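Participant: Got a structure for you, questions after.
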Amino acid sequence: MTLIATLAITGDNSASPYTDLTPAMTPVQALAESNRCLFCYDAPCIKACPTGIDIPAFIRSIATGNLKGAATTILSENIMGGTCGRVCPTETLCEQSCVRNRAEDRPVAIGRLQRHATDRLIDGEPAHPFARAAATGKRVAVVGAGPAGLSCAHRLATLGHEVTVFEAKAKSGGLNEYGLAPYKMADDFAQREVAFILGVGGIAVEHGRRLGADLSLDSLRADFDAVFLGVGLGSNNRLGIPGEERAGVEDATAFIERVRQALPGQPPAVGRSVVVIGGGNTAVDAAIQAKRLGAEDVTLVYRRGRAQMGATGWEQELAQTEGVVLKTFAAPKEIGETSITFERTSLTDGKLSGTGETFTLQADMVLKAVGQKLSAEALGGLEVTGGKIAVDGAYRTTLAKVWAGGDCVATGEDLTVQSVQDGKLAALAIHSHLTA
Amino acid sequence: MADLRSTIAGIRSPNPFWLASAPPTDKAYNVVRAFKAGWGGVVWKTLGEDPPVVNVSSRYGAHLDTDRRMIGFNNIELISDRPLEVNLQEIIEVKRDWPDRAMVVSLMARIEEEAWANLARRIAETGAADGLELNLGCPHGMCERGMGSAIGQVPEMVEQVTRWVKNAVNLPVIVKLTPNITNILWSAEAAKRGGADAVSLINTVNSIVAVDLDAMAPTPVVDGKGSHGGYCGPAVKPIALNMVAEIARNPDTHGLPVSGIGGVTTWRDAAEFLALGATNVQVCTAAMTYGFKIVEDMIGGLSNWMDEKGYRTLDELSGRAVRNVVNWNDLNMNFSTKAVIDPALCIDCGRCHIVCEDTSHQAIRIDQGDGRRVFTVVNEECVGCNLCSHVCPVPDCITMVPEQTDLPYVTWPNDARNPMRVPEAAE
C-alpha cells in the first residue's frame, strides 16, 4: 500500500477535508432567503421533518429579526438543530417538500437557515434557552452520548430528572463527533453543541464506560429508575471476500473517525488510489475525505445502481464534483496487494446477480462502507428483531425499566434527526412512566 | 422575560396584540381561533342597528410587490352583516370562555343620540364587553349613509357621539379615528372633549387600490364597476405612526391612551407604535395575509427584544420616542451626516451613483477598480440625504456617518442664515 504523506495536495485538489463544505449564511443571505418562505399553513416541510420543527415559524422569526425566537423554536423540538441544519439530507426531507419547488424548482434553503438561527444562539447567548422543571428526585441512566442519548438526556433534564450518561468513548457526541464528515461539522461544532446541550444542567457524563465491560444492564436497572439505550450500531458488516484482512483495508467508519480525531495539521495519510465500497452516505463521506486528503484516484463502487444507493442524489453529485468516480453494478470479489477485483452485476426483477465478467482496479487503500449492525452481546435479556432492539410505540424494550432509541432501534432511517426524535419521544415516555 | 401584560383605558389583556374590528373578528368561530392562537384581545367587528347591512360580492383589493407580498390591502366590506342578537350572544359565550382576553365591541349608528345610546346599552347589557370602540372612520359605503367617516370627519360630531355613548353606558369608550382628514388632532381633541377613555387609529385610508385594465374598472370589480375602499396594511403604517405621534406630543391630547392601528405586521412594527406613545396595537391585514399564528412571533419577538434592551414592562417602553419627535424648526441645522460606502459589501449595481447623479447631488464618484467599479462618496457634495443608502440592495453597505463637529445645536429660527431670524435677547 502506498500511502501519500498527508495532504500532498496537487493543483486542482486543494480543499482540506476540514473546511466548511457549505459556509454559514451571511445576515443578508439569511434575510433574503427567509423572505422566500411563504409561511404555509400546516406546512409540508414540518411533516417531512422527523423532529417536527415548526419550520415556517422559525423562518418568519428570522425574517422579523427575532433570531433568538427562531433558535428557540428549532431547539424546542430538536436540541441538535445545529447539527441537523448542517448534515440532514434536507433534499429528501424538508426541502424536498417545500412548496417553492412546484413553481420555482428551488426550495427555501431550510437547512442553512436553521444553521443560521442556531449558530447565533449556541455561540452568542449566555443563558440557556430552556429552564429545568422542579426536581422530581428520579434518576435515569442513558447509555450512549450520541444524538439519541443526548437528546433523551436533555429532555429528561428539562423535565426535572437527574441523568447520568455512560459513554464508552472519550468524547460525547457519538457519530456527530466520530462519524460525520469533518467538512460538515467544521470548527469542532459537535463539541460546541454538546457543551450547549449539557448547559441545561442535571446531566453528568461518565466517559470510558461501556456496556458489557464495566457496566451491565442489570446493574443499571437496579441503580436507576429508568434506563435509556442509545448505543447505536457498534459493528461493521464484512465483505466476506479473500484479502479482506490485508493491510490498507479498513472500515470507512474507522477511517472517518481517524480523520475526525486527527490532531490539527496532522491528518491521516491516504492511498494514492483509493477504492470505497458501498452506496450510502458513509461511503460518500469517506470517498470525499480521501480525495480531499490528497488521493489521486478515488473510486466509489456499489453493487447496485444509483437509484438504489442510500446516498442521496445530492450526495452522489457532491462526490462527483469533488472528483470521486462512481462505479455501479459491481460487487467486490477479491482484494489483492495493490488491487481489487469486482464482478459486474445486474438487477433483474429486484434480484441482483453476478454476470461472471470481472474487472480490476488499482487500490492502495480499500474502505468498506457496507453497513453497520447492532453489537448485541451486552444486551442480554433484550429482544432483538431484524438486527435492531425491539421496542414498542413508546420506545419501551422487552425489559422492564429499559427504553431504547436511535440507530439501535428500527424507527426510521438511520439519521441524526431520527435519533434526536427517538431520544426526545423516549424521554417523554420515560417521564410519563416515572411521574405516573 | 419581559412582562407583556397590557392595560388600556382600564381594559386588561395578557399581551398588547389585539385583532382590529374587521372580518377576522366577525364571529365567534374566528375569535375563538384567534384566542387559541394567543391574541390578547379583539375588537369585535362593528355592530349596527338591525336590520343588518347586506354586503356585495367581491370585497377586497390588493397592492402586491413583485414577489406577491401584500404591501397594501383594500376593502369595500361594510359592518357586520349578521343580526345584532346573534353577535351579542356569541360575544357573551366567547367572553365567558376566555375571561382573560380583552373583548371590546365596535359599534356604529346614525347620528342620533337614541340610536347610539340604545346600541351601546344593548352591548353593555351583555356584561361581556370590556369596552366599546366607536367606529367613526369607515370610509366606504357606511359614510354614504351618514355614518363612519361621515361622522369622524366632523370634530363636533365626534365629540357629540362620544358624549352620547359615555352618558349612556358605564364602559370604557375608545374612539376610532379616521385618517381621511386634514389634521388628526382636531378629531382626537374632540374625542377627548367628549369624554373618550382612549382613541384608536388609524381606520382605513380612502383608496382605489388598482384598476383592472381589461374591465376598465377599479378593483375589486363588482359586475363591471368598482368603488373607492378602505386602504390598510404595511403601506399605511407611516401615516398611522405620524398620527399616533402627533396625538402623543400634542399638549392637549398628551396622555390620552392610544391603541395603534395601521400595518402592524411584525413585533418590530408594534414596538415602533409603542415607542411613539401607543399603549397597544391592533392588527388586521397581517392576520388576513398569514393567519392568526403570526401572533406567536409578535409576542416572542417583542419579548426577546425587550429583554435585550432591558425594558421590563410595556409602560417602560411606551412613549420612549415621543420626546424625540419634534417640529422641523426644532432640528439642529448644524448636524451633518455623510454617506459611506463599504466596498467590501458593494455588489457593483451602480444604483447609488445613478440616483445621486440624476436626481440628487452628484456626490458618488465611480472609479475603475480591479475588475469592477468602485463607488466613493464625494464628501464636499454629499448633503447626507440618505437616498443612496435607501436604494442600495445590500443592507449596511451604505451607512450614514455623522460628522464630528464642535458646532452648537442651532435651530432654523436661530440660524444666522435665516433672514427672518429673531435676534436672541442677549444680542
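In the C-alpha cells, chains take the letters A, B, ... in the order shown, each chain's residues start at 1, and ligands count up from 1 in the order shown.
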Pick out the chain B residues within 12 Å of chain A. Count only C-alpha atoms. Give them as a ChimeraX atom specification.

Facilitator: /B:1,67-70,265-270,286-287,289-308,345,393-397

Participant: Skip Val324 of chain A itself and residues of its chain fewer than 2 positions away, then list as a list in words all residues within 9 Å of it, counting only C-alpha atoms.

Facilitator: Val284, Ala287, Ile288, Lys291, Asp297, Val298, Thr299, Leu300, Leu318, Ala319, Gln320, Thr321, Glu322 and Leu326 of chain A

Participant: Do a neighbour search on Asn55 of chain B at 10 Å with only C-alpha atoms, toss out local chain neighbours closer than 3 positions, and write the hits as a VMD selection string.

Facilitator: chain B and resid 52 58 to 59 76 to 81 141

Participant: Excluding Ala24 of chain A and its own-chain neighbours fewer than 2 positions away, which residues fall within 12 Å of it when counting only C-alpha atoms? Please give them as a compact mmCIF listing (two decimals) with N, CA and C atoms, in the first residue's frame.

Facilitator:
```txt
# COMPACT_ATOMS: atom_id res chain seq x y z
N THR A 19 -12.41 22.05 6.06
CA THR A 19 -13.07 23.34 5.86
C THR A 19 -14.56 23.13 5.57
N ASP A 20 -15.34 24.10 5.98
CA ASP A 20 -16.79 24.04 5.85
C ASP A 20 -17.19 23.81 4.40
N LEU A 21 -17.95 22.76 4.16
CA LEU A 21 -18.41 22.48 2.80
C LEU A 21 -19.38 23.58 2.35
N THR A 22 -20.35 23.88 3.18
CA THR A 22 -21.33 24.93 2.88
C THR A 22 -21.17 26.00 3.96
N THR A 26 -24.59 34.61 5.37
CA THR A 26 -24.43 35.97 5.89
C THR A 26 -25.81 36.47 6.30
N PRO A 27 -25.87 37.50 7.14
CA PRO A 27 -27.19 38.04 7.51
C PRO A 27 -28.01 38.46 6.28
N VAL A 28 -27.34 38.99 5.27
CA VAL A 28 -28.06 39.42 4.07
C VAL A 28 -28.68 38.22 3.36
N GLN A 29 -27.89 37.15 3.25
CA GLN A 29 -28.41 35.95 2.60
C GLN A 29 -29.58 35.38 3.40
N ALA A 30 -29.43 35.36 4.71
CA ALA A 30 -30.48 34.78 5.55
C ALA A 30 -31.77 35.60 5.44
N GLY A 82 -28.63 22.39 15.41
CA GLY A 82 -27.40 22.91 14.80
C GLY A 82 -26.74 21.87 13.91
N GLY A 85 -29.07 21.07 10.89
CA GLY A 85 -29.00 22.09 9.85
C GLY A 85 -27.80 21.90 8.94
N ARG A 86 -26.78 21.24 9.47
CA ARG A 86 -25.56 21.01 8.68
C ARG A 86 -25.60 19.70 7.91
N ALA A 109 -33.98 27.44 1.42
CA ALA A 109 -32.80 26.75 1.97
C ALA A 109 -32.98 26.57 3.48
N GLY A 111 -32.26 24.13 5.63
CA GLY A 111 -31.14 23.66 6.44
C GLY A 111 -30.17 24.78 6.77
N ARG A 112 -29.84 25.58 5.78
CA ARG A 112 -28.89 26.66 6.03
C ARG A 112 -29.49 27.73 6.94
N LEU A 113 -30.78 27.99 6.78
CA LEU A 113 -31.43 28.96 7.67
C LEU A 113 -31.44 28.44 9.10
N GLN A 114 -31.65 27.14 9.23
CA GLN A 114 -31.66 26.55 10.58
C GLN A 114 -30.29 26.72 11.23
N ARG A 115 -29.25 26.50 10.45
CA ARG A 115 -27.91 26.70 11.00
C ARG A 115 -27.70 28.16 11.38
N HIS A 116 -28.18 29.06 10.53
CA HIS A 116 -28.02 30.50 10.79
C HIS A 116 -28.62 30.86 12.15
N ALA A 117 -29.82 30.35 12.40
CA ALA A 117 -30.50 30.70 13.65
C ALA A 117 -29.84 30.06 14.86
N THR A 118 -29.51 28.77 14.75
CA THR A 118 -28.98 28.06 15.92
C THR A 118 -27.55 28.49 16.22
N ASP A 119 -26.77 28.78 15.21
CA ASP A 119 -25.39 29.22 15.45
C ASP A 119 -25.36 30.44 16.35
N ARG A 120 -26.24 31.36 16.04
CA ARG A 120 -26.25 32.61 16.79
C ARG A 120 -26.54 32.34 18.27
N LYS A 184 -18.58 18.79 7.13
CA LYS A 184 -19.96 19.14 7.50
C LYS A 184 -20.04 19.64 8.94
N MET A 185 -19.01 19.36 9.71
CA MET A 185 -19.04 19.69 11.15
C MET A 185 -17.81 20.51 11.52
N ALA A 186 -17.48 21.47 10.67
CA ALA A 186 -16.23 22.22 10.83
C ALA A 186 -16.19 22.97 12.16
N ASP A 187 -14.99 23.30 12.54
CA ASP A 187 -14.72 24.13 13.74
C ASP A 187 -15.26 23.49 15.02
```

Participant: Go through A:Thr282, A:Ile430, A:Gly356, A:Ala394 one by one, measure the shortest atom-to-atom distance of each to Gly371 of chain A using only C-alpha atoms, and give the residue with the smallest value.

Facilitator: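 Answer, going by the shortest atom-to-atom distance: A:Thr282.
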
Participant: Could you pull out all residues of segment 196-243 of chain B with a DSSP call of alpha helix (DSSP H) and give them as a PyMOL selection string?

Facilitator: chain B and resi 237-243

Participant: Just the selected residues (N, CA and C atoms), exported as a PDB file, in the first residue's frame, please.

Facilitator:
```
ATOM      1  N   LYS B 237     -48.676  52.139   7.361  1.00  0.00           N
ATOM      2  CA  LYS B 237     -48.042  52.288   8.684  1.00  0.00           C
ATOM      3  C   LYS B 237     -47.441  53.676   8.895  1.00  0.00           C
ATOM      4  N   PRO B 238     -46.714  54.231   7.921  1.00  0.00           N
ATOM      5  CA  PRO B 238     -46.116  55.553   8.150  1.00  0.00           C
ATOM      6  C   PRO B 238     -47.148  56.635   8.433  1.00  0.00           C
ATOM      7  N   ILE B 239     -48.299  56.529   7.771  1.00  0.00           N
ATOM      8  CA  ILE B 239     -49.354  57.517   8.008  1.00  0.00           C
ATOM      9  C   ILE B 239     -49.854  57.375   9.444  1.00  0.00           C
ATOM     10  N   ALA B 240     -50.027  56.131   9.856  1.00  0.00           N
ATOM     11  CA  ALA B 240     -50.525  55.877  11.209  1.00  0.00           C
ATOM     12  C   ALA B 240     -49.515  56.314  12.265  1.00  0.00           C
ATOM     13  N   LEU B 241     -48.240  55.983  12.035  1.00  0.00           N
ATOM     14  CA  LEU B 241     -47.221  56.341  13.028  1.00  0.00           C
ATOM     15  C   LEU B 241     -47.214  57.848  13.263  1.00  0.00           C
ATOM     16  N   ASN B 242     -47.299  58.604  12.192  1.00  0.00           N
ATOM     17  CA  ASN B 242     -47.279  60.057  12.335  1.00  0.00           C
ATOM     18  C   ASN B 242     -48.476  60.542  13.147  1.00  0.00           C
ATOM     19  N   MET B 243     -49.638  60.003  12.841  1.00  0.00           N
ATOM     20  CA  MET B 243     -50.839  60.481  13.553  1.00  0.00           C
ATOM     21  C   MET B 243     -50.797  60.101  15.025  1.00  0.00           C
TER      22      MET B 243
END
```

Participant: Would you mind telling me which residue in B:Ser200, B:Gly310, B:Gln160, B:Glu357 lies nearest to Phe273 of chain B when using only C-alpha atoms?

Facilitator: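 Of B:Ser200, B:Gly310, B:Gln160, B:Glu357, the one nearest Phe273 of chain B is B:Ser200, counting only C-alpha atoms.
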
Participant: Restricting the calculation to only C-alpha atoms, which member of B:Glu272, B:Asp415, B:Glu49, B:Glu316 is positioned closest to Leu107 of chain B?

Facilitator: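 Result for the nearest residue to Leu107 of chain B: B:Glu49.
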